[in-house]
>>> print(open('data.txt').read())   # compact mmCIF, C-alpha atoms (C1' of nucleotides)
# COMPACT_ATOMS: atom_id res chain seq x y z
CA MET A 24 226.22 5.67 98.22
CA SER A 25 226.37 8.53 100.65
CA ASP A 26 227.11 7.71 104.23
CA LEU A 27 225.18 10.75 105.41
CA VAL A 28 222.10 9.48 103.58
CA THR A 29 222.46 6.16 105.40
CA ARG A 30 222.69 7.91 108.74
CA LEU A 31 219.66 10.04 107.93
CA ARG A 32 217.59 7.06 106.91
CA ARG A 33 218.15 5.56 110.35
CA HIS A 34 216.06 8.36 111.81
CA ASN A 35 213.05 7.19 109.73
CA TRP A 36 213.50 10.28 107.71
CA ARG A 37 212.02 10.21 104.24
CA ILE A 38 214.81 10.44 101.69
CA THR A 39 213.20 12.38 98.89
CA PRO A 40 215.12 13.14 95.69
CA GLN A 41 215.60 16.73 96.87
CA ARG A 42 216.95 15.67 100.25
CA ARG A 43 219.29 13.18 98.64
CA VAL A 44 220.78 15.80 96.35
CA ILE A 45 221.28 18.19 99.24
CA ALA A 46 222.89 15.54 101.46
CA GLU A 47 225.20 14.40 98.69
CA THR A 48 226.21 17.95 97.83
CA LEU A 49 226.98 18.60 101.46
CA GLU A 50 229.03 15.48 101.89
CA GLY A 51 230.74 15.55 98.52
CA SER A 52 232.97 18.46 99.39
CA HIS A 53 235.66 18.85 101.99
CA VAL A 54 235.13 22.49 102.66
CA HIS A 55 232.16 23.80 104.59
CA PHE A 56 229.58 25.42 102.36
CA THR A 57 227.00 28.07 103.17
CA ALA A 58 223.34 27.28 102.47
CA GLU A 59 223.52 29.50 99.43
CA GLN A 60 226.54 27.62 98.03
CA ILE A 61 224.79 24.32 98.59
CA LEU A 62 221.73 25.61 96.75
CA GLU A 63 223.90 26.79 93.89
CA ARG A 64 225.58 23.39 93.48
CA ALA A 65 222.50 21.29 94.10
CA VAL A 66 220.56 23.23 91.48
CA GLU A 67 223.06 22.06 88.87
CA ARG A 68 221.78 18.54 89.46
CA MET A 69 218.13 19.44 90.08
CA PRO A 70 217.24 22.77 88.52
CA GLU A 71 213.76 23.07 90.03
CA LEU A 72 215.05 22.74 93.62
CA SER A 73 213.93 25.69 95.73
CA ARG A 74 215.75 27.81 98.24
CA ALA A 75 213.20 27.02 100.96
CA THR A 76 213.77 23.28 100.62
CA VAL A 77 217.51 23.71 101.03
CA TYR A 78 217.09 25.78 104.16
CA ASN A 79 214.41 23.46 105.59
CA THR A 80 216.46 20.37 104.87
CA LEU A 81 219.66 21.74 106.36
CA ASN A 82 217.82 22.79 109.52
CA GLU A 83 216.26 19.35 109.84
CA MET A 84 219.59 17.58 109.42
CA VAL A 85 221.03 19.81 112.13
CA ALA A 86 218.07 19.04 114.40
CA LEU A 87 218.64 15.31 113.86
CA GLY A 88 222.21 15.81 114.99
CA GLU A 89 223.74 14.50 111.77
CA VAL A 90 225.09 17.82 110.54
CA LEU A 91 226.81 20.61 112.43
CA GLU A 92 225.94 24.25 111.96
CA LEU A 93 228.93 26.57 112.16
CA THR A 94 228.71 30.32 112.65
CA LEU A 95 232.28 31.44 112.42
CA ASP A 96 232.42 34.50 110.25
CA GLY A 97 229.30 36.35 111.30
CA ARG A 98 228.05 36.50 107.74
CA SER A 99 226.35 33.20 107.06
CA LYS A 100 226.07 29.75 108.56
CA ARG A 101 228.14 26.88 107.23
CA TYR A 102 227.31 23.22 107.36
CA ASP A 103 229.61 20.37 108.34
CA PRO A 104 228.48 16.81 107.57
CA ASN A 105 231.04 15.37 110.02
CA ALA A 106 228.88 15.58 113.10
CA ASP A 107 230.44 12.30 114.19
CA HIS A 108 233.86 12.82 115.57
CA GLU A 109 235.18 15.65 117.66
CA HIS A 110 237.02 18.31 115.72
CA HIS A 111 237.72 22.02 115.73
CA HIS A 112 238.22 24.70 113.10
CA LEU A 113 241.11 26.71 111.77
CA ILE A 114 240.20 29.85 109.85
CA CYS A 115 242.29 32.17 107.73
CA GLU A 116 241.66 35.79 108.66
CA GLY A 117 242.75 36.85 105.20
CA CYS A 118 240.61 34.83 102.84
CA GLY A 119 238.19 32.92 105.07
CA LEU A 120 239.56 29.48 104.18
CA MET A 121 238.47 26.95 106.77
CA LYS A 122 240.01 23.60 107.75
CA ASP A 123 238.99 20.92 110.22
CA VAL A 124 241.66 20.25 112.85
CA HIS A 125 242.15 18.01 115.86
CA ALA A 126 243.51 19.19 119.18
CA MET A 127 245.52 17.20 121.69
CA ALA A 128 243.17 17.83 124.60
CA ASP A 129 239.49 18.19 125.29
CA PRO A 130 238.82 21.80 126.22
CA VAL A 131 235.97 20.79 128.56
CA ASP A 132 238.62 19.38 130.90
CA TRP A 133 240.30 22.76 131.10
CA LEU A 134 237.34 24.69 132.46
CA PRO A 135 237.60 24.76 136.26
CA GLY A 136 234.45 24.06 138.27
CA ASP A 137 234.26 27.59 139.64
CA GLU A 138 234.22 28.98 136.11
CA ARG A 139 231.15 26.95 135.16
CA HIS A 140 228.62 29.21 136.89
CA GLY A 141 226.35 26.26 137.62
CA PHE A 142 226.05 25.29 133.96
CA SER A 143 226.12 21.69 132.83
CA VAL A 144 228.78 21.99 130.16
CA THR A 145 228.26 19.43 127.43
CA ARG A 146 230.62 20.41 124.66
CA ALA A 147 233.23 22.88 123.61
CA SER A 148 234.72 23.86 120.32
CA ILE A 149 237.86 25.76 119.55
CA THR A 150 238.20 28.28 116.77
CA TYR A 151 241.80 28.83 115.75
CA ARG A 152 242.56 31.93 113.70
CA GLY A 153 245.60 32.92 111.73
CA LEU A 154 246.85 33.31 108.18
CA CYS A 155 247.05 30.55 105.60
CA PRO A 156 250.31 30.13 103.65
CA GLU A 157 249.03 32.14 100.70
CA CYS A 158 247.74 35.06 102.71
CA ARG A 159 250.93 35.06 104.73
CA THR A 160 252.97 35.42 101.55
CA ALA A 161 250.64 38.13 100.27
CA ALA A 162 250.93 40.04 103.56
CA ALA A 163 254.73 39.84 103.47
CA GLU A 164 254.82 41.17 99.90
CA GLY A 165 252.40 43.93 100.81
CA ALA A 166 254.64 45.00 103.69
CA GLN A 167 257.69 45.09 101.40
CA ALA A 168 256.03 47.32 98.77
CA MET B 25 235.18 57.99 133.34
CA SER B 26 235.13 55.10 130.98
CA ASP B 27 238.23 53.00 130.70
CA LEU B 28 237.36 52.02 127.15
CA VAL B 29 237.22 55.70 126.20
CA THR B 30 240.70 56.15 127.66
CA ARG B 31 242.02 53.24 125.67
CA LEU B 32 240.41 54.56 122.50
CA ARG B 33 241.86 58.01 122.97
CA ARG B 34 245.35 56.50 123.01
CA HIS B 35 244.92 55.62 119.35
CA ASN B 36 244.49 59.32 118.52
CA TRP B 37 240.90 58.54 117.85
CA ARG B 38 238.55 61.49 118.01
CA ILE B 39 236.13 61.00 120.89
CA THR B 40 232.97 62.63 119.60
CA PRO B 41 229.84 62.77 121.76
CA GLN B 42 228.32 59.94 119.69
CA ARG B 43 231.37 57.72 120.08
CA ARG B 44 231.50 58.38 123.79
CA VAL B 45 227.88 57.37 124.27
CA ILE B 46 228.42 54.18 122.28
CA ALA B 47 231.59 53.26 124.17
CA GLU B 48 229.97 53.89 127.53
CA THR B 49 226.89 51.90 126.62
CA LEU B 50 229.07 49.03 125.53
CA GLU B 51 231.18 49.07 128.65
CA GLY B 52 228.41 49.80 131.12
CA SER B 53 226.88 46.36 130.84
CA HIS B 54 228.23 42.98 131.73
CA VAL B 55 226.43 41.05 129.04
CA HIS B 56 227.42 41.24 125.39
CA PHE B 57 225.00 43.33 123.37
CA THR B 58 224.19 43.21 119.68
CA ALA B 59 224.63 46.37 117.61
CA GLU B 60 220.89 46.82 117.61
CA GLN B 61 220.69 46.61 121.42
CA ILE B 62 223.49 49.13 121.75
CA LEU B 63 221.66 51.47 119.38
CA GLU B 64 218.47 51.08 121.39
CA ARG B 65 220.18 51.94 124.67
CA ALA B 66 222.40 54.68 123.31
CA VAL B 67 219.42 56.41 121.71
CA GLU B 68 217.93 56.87 125.17
CA ARG B 69 220.83 59.17 125.96
CA MET B 70 221.18 60.73 122.50
CA PRO B 71 217.94 60.49 120.52
CA GLU B 72 219.32 61.75 117.22
CA LEU B 73 222.04 59.07 117.07
CA SER B 74 221.85 57.11 113.84
CA ARG B 75 222.11 53.42 113.14
CA ALA B 76 224.98 53.95 110.69
CA THR B 77 227.09 55.69 113.31
CA VAL B 78 226.64 52.82 115.74
CA TYR B 79 227.68 50.25 113.14
CA ASN B 80 230.60 52.37 111.93
CA THR B 81 231.81 53.06 115.44
CA LEU B 82 231.63 49.44 116.54
CA ASN B 83 233.53 48.33 113.44
CA GLU B 84 236.21 50.93 114.07
CA MET B 85 236.62 49.91 117.70
CA VAL B 86 237.02 46.32 116.55
CA ALA B 87 239.60 47.38 113.95
CA LEU B 88 241.55 49.23 116.64
CA GLY B 89 241.62 46.01 118.63
CA GLU B 90 239.89 47.48 121.67
CA VAL B 91 236.62 45.59 121.28
CA LEU B 92 235.99 41.98 120.31
CA GLU B 93 233.37 40.94 117.81
CA LEU B 94 231.63 37.68 118.68
CA THR B 95 229.57 35.64 116.27
CA LEU B 96 228.24 32.86 118.40
CA ASP B 97 224.58 32.42 117.63
CA GLY B 98 224.52 32.93 113.88
CA ARG B 99 221.93 35.65 114.17
CA SER B 100 223.82 38.82 114.95
CA LYS B 101 227.23 39.92 116.10
CA ARG B 102 227.84 40.78 119.72
CA TYR B 103 230.45 43.15 121.09
CA ASP B 104 232.75 42.57 124.01
CA PRO B 105 234.63 45.56 125.44
CA ASN B 106 237.12 43.32 127.26
CA ALA B 107 239.54 42.91 124.38
CA ASP B 108 242.33 43.10 126.95
CA HIS B 109 242.69 39.81 128.66
CA GLU B 110 242.30 36.35 127.25
CA HIS B 111 238.94 34.81 127.90
CA HIS B 112 236.44 32.41 126.39
CA HIS B 113 232.65 32.11 126.30
CA LEU B 114 230.09 29.87 127.89
CA ILE B 115 226.67 29.85 126.25
CA CYS B 116 223.37 28.39 127.38
CA GLU B 117 221.76 26.41 124.59
CA GLY B 118 218.37 26.99 126.16
CA CYS B 119 218.12 30.74 126.57
CA GLY B 120 221.25 32.12 124.92
CA LEU B 121 222.72 33.52 128.15
CA MET B 122 226.42 34.17 127.71
CA LYS B 123 229.22 34.39 130.29
CA ASP B 124 232.93 35.14 130.04
CA VAL B 125 235.09 32.33 131.39
CA HIS B 126 238.77 31.56 131.81
CA ALA B 127 240.43 28.27 130.96
CA MET B 128 243.45 26.77 132.65
CA ALA B 129 245.58 26.62 129.53
CA ASP B 130 246.04 28.29 126.17
CA PRO B 131 244.40 26.19 123.43
CA VAL B 132 246.98 27.33 120.85
CA ASP B 133 249.40 25.00 122.63
CA TRP B 134 247.12 22.04 121.96
CA LEU B 135 247.27 22.24 118.19
CA PRO B 136 250.08 20.02 116.93
CA GLY B 137 252.32 21.32 114.16
CA ASP B 138 251.04 18.83 111.61
CA GLU B 139 247.50 20.04 112.18
CA ARG B 140 248.38 23.63 111.34
CA HIS B 141 248.42 23.17 107.54
CA GLY B 142 251.10 25.82 107.14
CA PHE B 143 249.03 28.50 108.84
CA SER B 144 250.55 30.95 111.28
CA VAL B 145 248.11 30.51 114.15
CA THR B 146 247.78 33.67 116.19
CA ARG B 147 244.85 33.07 118.49
CA ALA B 148 242.21 30.63 119.56
CA SER B 149 238.96 30.95 121.38
CA ILE B 150 236.84 28.31 123.00
CA THR B 151 233.06 28.27 122.95
CA TYR B 152 231.61 26.17 125.74
CA ARG B 153 227.98 25.13 125.40
CA GLY B 154 225.58 23.68 127.90
CA LEU B 155 222.56 24.56 130.01
CA CYS B 156 222.43 27.27 132.63
CA PRO B 157 220.99 26.39 136.05
CA GLU B 158 217.55 27.77 135.17
CA CYS B 159 217.24 25.99 131.84
CA ARG B 160 218.49 22.80 133.44
CA THR B 161 215.69 23.00 136.00
CA ALA B 162 213.15 23.80 133.31
CA ALA B 163 214.32 20.84 131.21
CA ALA B 164 214.07 18.48 134.19
CA GLU B 165 210.52 19.66 134.92
CA GLY B 166 209.57 19.33 131.27
CA ALA B 167 210.83 15.73 131.25
CA GLN B 168 208.80 14.91 134.38
CA ALA B 169 205.54 16.29 132.96
C1' DA C 8 237.49 85.88 113.26
C1' DT C 9 237.06 83.42 109.03
C1' DC C 10 238.28 80.00 105.75
C1' DT C 11 239.58 75.45 104.42
C1' DT C 12 239.99 70.77 104.67
C1' DG C 13 239.21 66.50 106.26
C1' DT C 14 236.55 63.84 109.29
C1' DC C 15 232.11 62.56 111.29
C1' DT C 16 227.18 61.94 111.22
C1' DT C 17 222.82 61.45 109.18
C1' DA C 18 218.60 59.43 106.69
C1' DG C 19 217.36 56.32 103.94
C1' DA C 20 218.13 53.13 100.09
C1' DC C 21 220.14 48.86 99.33
C1' DT C 22 222.02 43.98 100.04
C1' DT C 23 222.32 39.59 102.04
C1' DA C 24 220.84 35.70 104.74
C1' DG C 25 217.22 33.46 106.23
C1' DT C 26 212.11 32.59 107.47
C1' DC C 27 207.28 32.33 106.52
C1' DT C 28 203.05 31.44 103.94
C1' DA C 29 199.76 29.60 101.01
C1' DA C 30 199.12 26.59 97.50
C1' DG C 31 200.11 22.53 94.91
C1' DC C 32 202.35 17.86 94.68
C1' DT C 33 203.34 13.10 96.03
C1' DA C 34 203.59 8.72 98.39
C1' DG C 35 201.59 5.31 101.11
C1' DG C 36 197.72 3.43 103.75
C1' DA C 37 192.50 2.43 104.15
C1' DT D 22 190.82 4.75 94.12
C1' DC D 23 190.65 8.20 97.50
C1' DC D 24 192.57 10.46 101.78
C1' DT D 25 195.84 12.24 104.44
C1' DA D 26 200.12 13.68 106.00
C1' DG D 27 204.11 15.35 104.80
C1' DC D 28 207.10 17.60 101.21
C1' DT D 29 208.15 21.19 97.90
C1' DT D 30 207.50 25.41 95.59
C1' DA D 31 207.51 30.60 94.43
C1' DG D 32 207.60 34.52 96.23
C1' DA D 33 206.68 37.80 99.98
C1' DC D 34 208.61 39.10 104.15
C1' DT D 35 212.08 40.09 108.05
C1' DA D 36 216.43 41.01 110.26
C1' DA D 37 221.13 42.42 110.20
C1' DG D 38 224.22 45.05 108.23
C1' DT D 39 226.40 48.09 104.44
C1' DC D 40 226.55 51.91 101.32
C1' DT D 41 225.80 56.56 99.56
C1' DA D 42 225.28 61.34 99.13
C1' DA D 43 224.71 65.31 101.57
C1' DG D 44 225.21 68.19 105.44
C1' DA D 45 227.56 69.30 110.09
C1' DC D 46 231.52 69.97 112.68
C1' DA D 47 236.32 70.62 114.40
C1' DA D 48 241.10 72.13 114.09
C1' DG D 49 244.69 74.36 111.92
C1' DA D 50 246.04 78.14 108.49
C1' DT D 51 245.50 82.75 107.25
>>> encode(input="data.txt", output="structure tokens")
Amino acid sequence: MSDLVTRLRRHNWRITPQRRVIAETLEGSHVHFTAEQILERAVERMPELSRATVYNTLNEMVALGEVLELTLDGRSKRYDPNADHEHHHLICEGCGLMKDVHAMADPVDWLPGDERHGFSVTRASITYRGLCPECRTAAAEGAQA
Amino acid sequence: MSDLVTRLRRHNWRITPQRRVIAETLEGSHVHFTAEQILERAVERMPELSRATVYNTLNEMVALGEVLELTLDGRSKRYDPNADHEHHHLICEGCGLMKDVHAMADPVDWLPGDERHGFSVTRASITYRGLCPECRTAAAEGAQA
DNA sequence: ATCTTGTCTTAGACTTAGTCTAAGCTAGGA
DNA sequence: TCCTAGCTTAGACTAAGTCTAAGACAAGAT
């Protein structure tokens, strides 16, 4: 039983077969998929599922606050079913691999009052960038050659 | 004289009239424009300027490291001519207004070694989100009504 | 001064990601 | 059972960005 489905049901949200497949696809993986990748995988389980339903459903889950929408590469949005606990993201600039990470401090505490420009700041997320072990090796070999 | 143009020239980059107009448009404003907005404004000064040249030029300036590419709203990329000094971004969730801000510490220092998954982490940026003074007022009035 | 070569720019076709629309389907209440 | 509201569908549409092929231009060689 999917935990995300349980959380969604609490919002009096109708769990249709389509929505269940989408939620389970989203939660079943530990990388963050794009809408298109979710469609691709969900269609394996429910071939008549439409693109519009996937997009609608993802947007609704984001609106309910149970899924996070990430826009980190400027190409397409990615969806993160862990809307629960505070975490940040580490991205490989070589291959786009993305990991969830936890920082030792809350960045909101590090924004001085005079840098807030009168905003009420509610949350902050950190995007770390670098090279994953594989891309680092590849880069080193490339430099040698 | 544009400072960005000076920086670009240091890379032995040919400063054509088109590139100059684009660089000056980018630097002349203190908000972060999308490529389409830059095109729109640059065309006022050089009507025959093409969309492809704007996109090419922006991508080249990013590759040279003199301009930052921001993907914060998931719709379109925005360009920030201040690639120089470390800064982060504060975004209004109501109207999309974006400000540059400075934090009191470098977030790279807050990522413990065992959370780095073997990556070489080179940089980190923080996205702060909240409501700007105007949207906060509007929200309060909306709640009253 | 002209030629040559490589770079830059252009218009427009194309691609990708996502939204919208109109019609049909389905589940649950009167 | 019928009604209604909400859900799903196919496919058209839009927005952002990339690609391509051809022409324009600039700088060095002759």
>>> calpha_fit_and_write(input="data.txt", fixed="chain A", moving="chain B", output="compact mmCIF listing (two decimals) with C-alpha atoms, in the coordinates of the input")
# COMPACT_ATOMS: atom_id res chain seq x y z
CA MET B 25 226.32 5.74 98.11
CA SER B 26 226.45 8.57 100.54
CA ASP B 27 227.29 7.79 104.11
CA LEU B 28 225.36 10.80 105.33
CA VAL B 29 222.26 9.49 103.57
CA THR B 30 222.70 6.18 105.37
CA ARG B 31 222.98 7.92 108.70
CA LEU B 32 219.90 10.01 107.97
CA ARG B 33 217.85 7.01 106.99
CA ARG B 34 218.51 5.48 110.41
CA HIS B 35 216.39 8.22 111.94
CA ASN B 36 213.39 7.02 109.91
CA TRP B 37 213.76 10.15 107.90
CA ARG B 38 212.19 10.07 104.47
CA ILE B 39 214.92 10.34 101.85
CA THR B 40 213.21 12.27 99.07
CA PRO B 41 215.06 13.07 95.85
CA GLN B 42 215.52 16.67 97.04
CA ARG B 43 216.95 15.62 100.39
CA ARG B 44 219.28 13.16 98.73
CA VAL B 45 220.68 15.80 96.39
CA ILE B 46 221.22 18.20 99.29
CA ALA B 47 222.91 15.57 101.46
CA GLU B 48 225.18 14.47 98.64
CA THR B 49 226.12 18.03 97.77
CA LEU B 50 226.95 18.69 101.38
CA GLU B 51 229.05 15.58 101.76
CA GLY B 52 230.71 15.67 98.36
CA SER B 53 232.90 18.62 99.21
CA HIS B 54 235.64 19.01 101.73
CA VAL B 55 235.07 22.67 102.46
CA HIS B 56 232.11 23.91 104.46
CA PHE B 57 229.48 25.51 102.27
CA THR B 58 226.88 28.11 103.11
CA ALA B 59 223.21 27.31 102.49
CA GLU B 60 223.30 29.53 99.45
CA GLN B 61 226.32 27.69 97.98
CA ILE B 62 224.63 24.36 98.57
CA LEU B 63 221.51 25.63 96.81
CA GLU B 64 223.60 26.83 93.89
CA ARG B 65 225.32 23.47 93.46
CA ALA B 66 222.28 21.33 94.13
CA VAL B 67 220.25 23.25 91.56
CA GLU B 68 222.70 22.10 88.89
CA ARG B 69 221.49 18.57 89.50
CA MET B 70 217.84 19.41 90.21
CA PRO B 71 216.84 22.74 88.66
CA GLU B 72 213.41 22.98 90.24
CA LEU B 73 214.77 22.67 93.80
CA SER B 74 213.65 25.58 95.95
CA ARG B 75 215.51 27.72 98.42
CA ALA B 76 213.03 26.89 101.20
CA THR B 77 213.64 23.17 100.84
CA VAL B 78 217.39 23.64 101.16
CA TYR B 79 217.01 25.72 104.33
CA ASN B 80 214.42 23.36 105.80
CA THR B 81 216.47 20.29 105.01
CA LEU B 82 219.69 21.70 106.44
CA ASN B 83 217.89 22.72 109.64
CA GLU B 84 216.39 19.26 109.98
CA MET B 85 219.74 17.54 109.48
CA VAL B 86 221.18 19.78 112.18
CA ALA B 87 218.27 18.95 114.50
CA LEU B 88 218.88 15.24 113.94
CA GLY B 89 222.47 15.79 115.01
CA GLU B 90 223.96 14.50 111.77
CA VAL B 91 225.24 17.85 110.50
CA LEU B 92 226.94 20.67 112.37
CA GLU B 93 226.02 24.30 111.92
CA LEU B 94 228.98 26.66 112.08
CA THR B 95 228.72 30.39 112.56
CA LEU B 96 232.27 31.56 112.29
CA ASP B 97 232.36 34.61 110.08
CA GLY B 98 229.22 36.42 111.17
CA ARG B 99 227.92 36.55 107.63
CA SER B 100 226.24 33.23 107.02
CA LYS B 101 226.03 29.79 108.53
CA ARG B 102 228.12 26.97 107.16
CA TYR B 103 227.33 23.27 107.30
CA ASP B 104 229.66 20.47 108.24
CA PRO B 105 228.59 16.90 107.47
CA ASN B 106 231.16 15.44 109.87
CA ALA B 107 229.02 15.64 112.99
CA ASP B 108 230.54 12.31 114.01
CA HIS B 109 233.93 12.85 115.43
CA GLU B 110 235.18 15.68 117.57
CA HIS B 111 237.02 18.34 115.65
CA HIS B 112 237.71 22.05 115.67
CA HIS B 113 238.23 24.75 113.03
CA LEU B 114 241.15 26.73 111.75
CA ILE B 115 240.29 29.88 109.82
CA CYS B 116 242.43 32.19 107.72
CA GLU B 117 241.80 35.80 108.65
CA GLY B 118 242.94 36.86 105.21
CA CYS B 119 240.82 34.85 102.82
CA GLY B 120 238.36 32.97 105.02
CA LEU B 121 239.71 29.52 104.14
CA MET B 122 238.58 26.99 106.72
CA LYS B 123 240.08 23.63 107.72
CA ASP B 124 239.02 20.94 110.18
CA VAL B 125 241.65 20.26 112.82
CA HIS B 126 242.09 18.01 115.84
CA ALA B 127 243.44 19.10 119.20
CA MET B 128 245.37 16.98 121.64
CA ALA B 129 242.92 17.37 124.49
CA ASP B 130 239.26 18.03 125.18
CA PRO B 131 238.75 21.69 126.14
CA VAL B 132 235.80 20.81 128.41
CA ASP B 133 238.41 19.47 130.83
CA TRP B 134 240.08 22.87 130.99
CA LEU B 135 237.11 24.73 132.41
CA PRO B 136 237.33 24.73 136.20
CA GLY B 137 234.17 24.09 138.21
CA ASP B 138 234.02 27.62 139.57
CA GLU B 139 234.02 29.00 136.05
CA ARG B 140 230.95 27.01 135.06
CA HIS B 141 228.40 29.29 136.76
CA GLY B 142 226.09 26.37 137.47
CA PHE B 143 225.83 25.40 133.81
CA SER B 144 225.90 21.80 132.69
CA VAL B 145 228.59 22.06 130.03
CA THR B 146 228.08 19.52 127.29
CA ARG B 147 230.50 20.50 124.56
CA ALA B 148 233.17 22.92 123.52
CA SER B 149 234.66 23.89 120.23
CA ILE B 150 237.81 25.78 119.48
CA THR B 151 238.19 28.31 116.70
CA TYR B 152 241.80 28.83 115.72
CA ARG B 153 242.60 31.94 113.70
CA GLY B 154 245.67 32.91 111.76
CA LEU B 155 246.98 33.28 108.23
CA CYS B 156 247.19 30.53 105.66
CA PRO B 157 250.48 30.06 103.78
CA GLU B 158 249.27 32.08 100.79
CA CYS B 159 247.97 35.03 102.78
CA ARG B 160 251.12 35.00 104.86
CA THR B 161 253.20 35.34 101.70
CA ALA B 162 250.92 38.05 100.37
CA ALA B 163 251.16 39.98 103.65
CA ALA B 164 254.97 39.75 103.64
CA GLU B 165 255.10 41.06 100.06
CA GLY B 166 252.68 43.85 100.91
CA ALA B 167 254.89 44.91 103.83
CA GLN B 168 257.98 44.96 101.58
CA ALA B 169 256.35 47.16 98.92
>>> residues_around(input="data.txt", residues="Lys122 in chain A", least_positions_apart="6", cutoff="9 Å", atoms="only C-alpha atoms (C1' of nucleotides)", output="PyMOL selection string")
(chain A and resi 53-55+111-115) or (chain B and resi 141)
>>> residues_around(input="data.txt", residues="Asp129 in chain A", least_positions_apart="6", cutoff="12 Å", atoms="only C-alpha atoms (C1' of nucleotides)", output="MDAnalysis selection string")
(chainID A and resid 109:111 145:149) or (chainID B and resid 127:129 131 134:135 150 152)
>>> residues_near_point(input="data.txt", point="(224.3, 47.4, 105.0)", cutoff="10 Å", atoms="all atoms listed in the file", output="list in words")
Ala76 and Tyr79 of chain B; DA20, DC21, DT22 and DT23 of chain C; DA37, DG38, DT39 and DC40 of chain D
>>> atom_distance(input="data.txt", atom1="CA of Asn106 in chain B", atom2="CA of Phe142 in chain A")
22.2 Å
>>> atom_distance(input="data.txt", atom1="CA of Gly136 in chain A", atom2="CA of His126 in chain B")
10.8 Å
